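Quick notes on the structure that follows.
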Amino acid sequence: MLRNVVLFQACAARPGAPEDAPEAAHVEGPPLLAADLRAIREIATLGFVTFVPTAPTPISGVVQLRGALVPVVDLAAVLGASSEPPQQGAPALIVEREQTLAAFRIHALVNVASLPATELPSAVARALPAGLAREAVVADGGALVPLLEFASLLRHCAQLVATAARATDAVQGAT
């Protein structure tokens with residue numbers, strides 16, 4: 001089955017990263033990820049990103065998008081990779097799921113293509129945060145690229161925010 005996908009790099013190449021790093025396909029440079037085109041509301045560049053001190057690690061801050069404050073999620077942080085703070089002009093995938101809007105900051109947009117889909121090998125699935133990807137697409141050269149599940153990713157981020165809010169409330173209540 002062919003899937004219309006956006007191929008992108010979530011983070012810059014890590015110096016000294018092992019070639020068999022399971023989080024993405026084996027490609028030159030940063031690892032590739034894919035997103036179903038239907039899951040993406042738009043591809044945009046970030047405006048000024050405001051840091052939120054109490055936000056959990058993958059939440060880089062918030063950005064104003066057509067009058068709405070939108071959380072900026074750093075996909076590199078979700079994958080456990082280090083990354084630089086978000087900057088104005090950085091590319092982002094704008095996703096809306098279950099009445100939640102978020103900007104997923106990426107390192108670079110690679111391509112928009114129709115690619116064959118397949119089941120994600122269990123070794124790769126285990127290396128990713130739970131529920132992040134169940135399928136893969138076959139890119140040029142036969143490389144398997146994980147196809148992200150944005151609904152699961154948004155739920156994961158919402159849980160992190162709720163946990164951080166409870167921790168902040170507990171600290172404020174103790175003082």
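Letters A, B, ... go to the chains of the structure tokens in the order shown; residues in each chain start at 1; ligands are counted from 1 in the same order.
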
Tell me, counting only C-alpha atoms, for each residue of segment 73-170 of chain A within 6 Å of segment 36-57 of chain A, which pair of atoms is nearest and how far apart they are in Å to one decimal, in rows ordered by chain and increasing number, as a Markdown table.
```
| residue | atom | partner | partner_atom | distance |
| --- | --- | --- | --- | --- |
| A:Gln88 | CA | A:Gly47 | CA | 4.9 |
| A:Gly89 | CA | A:Thr45 | CA | 5.0 |
| A:Ala90 | CA | A:Thr45 | CA | 5.3 |
| A:Pro91 | CA | A:Thr45 | CA | 4.4 |
| A:Ala92 | CA | A:Ala44 | CA | 5.3 |
| A:Leu93 | CA | A:Ile43 | CA | 4.8 |
| A:Ile94 | CA | A:Glu42 | CA | 5.2 |
| A:Val95 | CA | A:Ile40 | CA | 5.0 |
```

*asked:* Going by DSSP on the backbone, which residues of segment 33-167 of chain A come out as strand (DSSP E or B)? List them as a ChimeraX atom specification.
replied: /A:33-36,40-45,49-50,59-65,68-74,91-97,100-105,108-119,133-138,144-148

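From atom CA of Cys11 of chain A back to atom CA of Pro31 of chain A, the distance works out to 7.5 Å.
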
*helix (DSSP H, G or I) residues, from DSSP on the backbone, in segment 4-149 of chain A, as a VMD selection string*: chain A and resid 37 to 39 75 to 78 122 to 127 140 to 142

Would you put the residues from that selection into a file with N, CA, C and O atoms, as a PDB file, in the first residue's frame?
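This went into part-v3.pdb:
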```
ATOM      1  N   LEU A  37       0.985  12.371   5.387  1.00  0.00           N
ATOM      2  CA  LEU A  37       0.628  13.713   4.935  1.00  0.00           C
ATOM      3  C   LEU A  37      -0.738  14.142   5.474  1.00  0.00           C
ATOM      4  O   LEU A  37      -0.956  15.318   5.766  1.00  0.00           O
ATOM      5  N   ARG A  38      -1.652  13.187   5.640  1.00  0.00           N
ATOM      6  CA  ARG A  38      -2.988  13.515   6.169  1.00  0.00           C
ATOM      7  C   ARG A  38      -2.939  13.971   7.614  1.00  0.00           C
ATOM      8  O   ARG A  38      -3.856  14.647   8.084  1.00  0.00           O
ATOM      9  N   ALA A  39      -1.875  13.617   8.359  1.00  0.00           N
ATOM     10  CA  ALA A  39      -1.749  14.007   9.758  1.00  0.00           C
ATOM     11  C   ALA A  39      -1.216  15.424   9.919  1.00  0.00           C
ATOM     12  O   ALA A  39      -1.327  16.019  10.983  1.00  0.00           O
ATOM     13  N   LEU A  75      10.982  17.240  18.495  1.00  0.00           N
ATOM     14  CA  LEU A  75      11.014  15.804  18.208  1.00  0.00           C
ATOM     15  C   LEU A  75      12.352  15.182  18.564  1.00  0.00           C
ATOM     16  O   LEU A  75      12.411  14.018  18.967  1.00  0.00           O
ATOM     17  N   ALA A  76      13.445  15.928  18.457  1.00  0.00           N
ATOM     18  CA  ALA A  76      14.756  15.407  18.835  1.00  0.00           C
ATOM     19  C   ALA A  76      14.751  15.030  20.314  1.00  0.00           C
ATOM     20  O   ALA A  76      15.248  13.966  20.698  1.00  0.00           O
ATOM     21  N   ALA A  77      14.173  15.872  21.163  1.00  0.00           N
ATOM     22  CA  ALA A  77      14.103  15.580  22.602  1.00  0.00           C
ATOM     23  C   ALA A  77      13.231  14.355  22.882  1.00  0.00           C
ATOM     24  O   ALA A  77      13.541  13.546  23.751  1.00  0.00           O
ATOM     25  N   VAL A  78      12.135  14.211  22.144  1.00  0.00           N
ATOM     26  CA  VAL A  78      11.270  13.036  22.305  1.00  0.00           C
ATOM     27  C   VAL A  78      12.060  11.761  22.005  1.00  0.00           C
ATOM     28  O   VAL A  78      11.905  10.740  22.674  1.00  0.00           O
ATOM     29  N   SER A 122      10.274  -4.992  14.901  1.00  0.00           N
ATOM     30  CA  SER A 122      10.134  -4.864  16.353  1.00  0.00           C
ATOM     31  C   SER A 122      11.369  -4.267  17.011  1.00  0.00           C
ATOM     32  O   SER A 122      11.259  -3.550  17.996  1.00  0.00           O
ATOM     33  N   ALA A 123      12.556  -4.516  16.487  1.00  0.00           N
ATOM     34  CA  ALA A 123      13.778  -3.940  17.072  1.00  0.00           C
ATOM     35  C   ALA A 123      13.752  -2.421  16.984  1.00  0.00           C
ATOM     36  O   ALA A 123      14.145  -1.725  17.922  1.00  0.00           O
ATOM     37  N   VAL A 124      13.271  -1.887  15.877  1.00  0.00           N
ATOM     38  CA  VAL A 124      13.182  -0.438  15.717  1.00  0.00           C
ATOM     39  C   VAL A 124      12.061   0.111  16.593  1.00  0.00           C
ATOM     40  O   VAL A 124      12.224   1.129  17.264  1.00  0.00           O
ATOM     41  N   ALA A 125      10.928  -0.568  16.630  1.00  0.00           N
ATOM     42  CA  ALA A 125       9.791  -0.118  17.440  1.00  0.00           C
ATOM     43  C   ALA A 125      10.156  -0.062  18.924  1.00  0.00           C
ATOM     44  O   ALA A 125       9.775   0.869  19.629  1.00  0.00           O
ATOM     45  N   ARG A 126      10.929  -1.035  19.409  1.00  0.00           N
ATOM     46  CA  ARG A 126      11.332  -1.045  20.826  1.00  0.00           C
ATOM     47  C   ARG A 126      12.272   0.106  21.152  1.00  0.00           C
ATOM     48  O   ARG A 126      12.312   0.565  22.285  1.00  0.00           O
ATOM     49  N   ALA A 127      13.033   0.578  20.190  1.00  0.00           N
ATOM     50  CA  ALA A 127      13.988   1.658  20.427  1.00  0.00           C
ATOM     51  C   ALA A 127      13.311   3.031  20.477  1.00  0.00           C
ATOM     52  O   ALA A 127      13.897   3.987  20.952  1.00  0.00           O
ATOM     53  N   ASP A 140      13.957   5.496  -0.740  1.00  0.00           N
ATOM     54  CA  ASP A 140      14.915   5.152  -1.789  1.00  0.00           C
ATOM     55  C   ASP A 140      16.041   4.306  -1.214  1.00  0.00           C
ATOM     56  O   ASP A 140      16.514   4.559  -0.112  1.00  0.00           O
ATOM     57  N   GLY A 141      16.451   3.309  -1.958  1.00  0.00           N
ATOM     58  CA  GLY A 141      17.519   2.432  -1.504  1.00  0.00           C
ATOM     59  C   GLY A 141      17.038   1.343  -0.560  1.00  0.00           C
ATOM     60  O   GLY A 141      17.831   0.580  -0.035  1.00  0.00           O
ATOM     61  N   GLY A 142      15.736   1.278  -0.288  1.00  0.00           N
ATOM     62  CA  GLY A 142      15.189   0.224   0.560  1.00  0.00           C
ATOM     63  C   GLY A 142      15.249   0.503   2.050  1.00  0.00           C
ATOM     64  O   GLY A 142      14.912  -0.352   2.854  1.00  0.00           O
TER      65      GLY A 142
END
```

*asked:* Give me, as JSON, numbers by chain, all polymer residues having an atom no more than 9 Å from Pro116 of chain A, counting only C-alpha atoms and skipping those fewer than 6 positions away in the same chain.
replied: {"A": [1, 2, 3, 4, 136, 137, 138, 139]}

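With distances restricted to only C-alpha atoms, A:Asn111 is the closest residue to Val6 of chain A from A:Gln64, A:Asn111, A:Ala158, A:Leu153.
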
*Looking at A:Cys157, A:Leu69, A:Leu79, A:Ala143, which one is nearest to Ile106 of chain A, with distances taken over only C-alpha atoms?*
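Among the listed residues, A:Leu79 lies closest to Ile106 of chain A.
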
*Could you please determine the separation between atom CA of Pro86 of chain A and atom CA of Phe8 of chain A in Å, to one decimal place?*
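The value is 16.5 Å.
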
*List the neighbours of Glu135 of chain A out to 6 Å using only C-alpha atoms; skip same-chain residues closer than 3 positions along the sequence, and give me the result as a list of chain:residue names.*
A:Thr118, A:Glu119, A:Leu120, A:Leu147

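Of the residues under consideration (A:Leu154, A:Ala81, A:Val5, A:Leu160), A:Leu154 shows the shortest atom-to-atom contact distance to Gln99 of chain A when counting only C-alpha atoms.
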
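Our summary of the geometry notes that atom CA of Arg66 of chain A is positioned 16.3 Å from atom CA of Phe104 of chain A.
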
*Skipping near chain neighbours, those fewer than 6 positions away, what residues fall within 7 Å of Leu148 of chain A using only C-alpha atoms, listed as a PyMOL selection string?*
chain A and resi 34-35+132-133
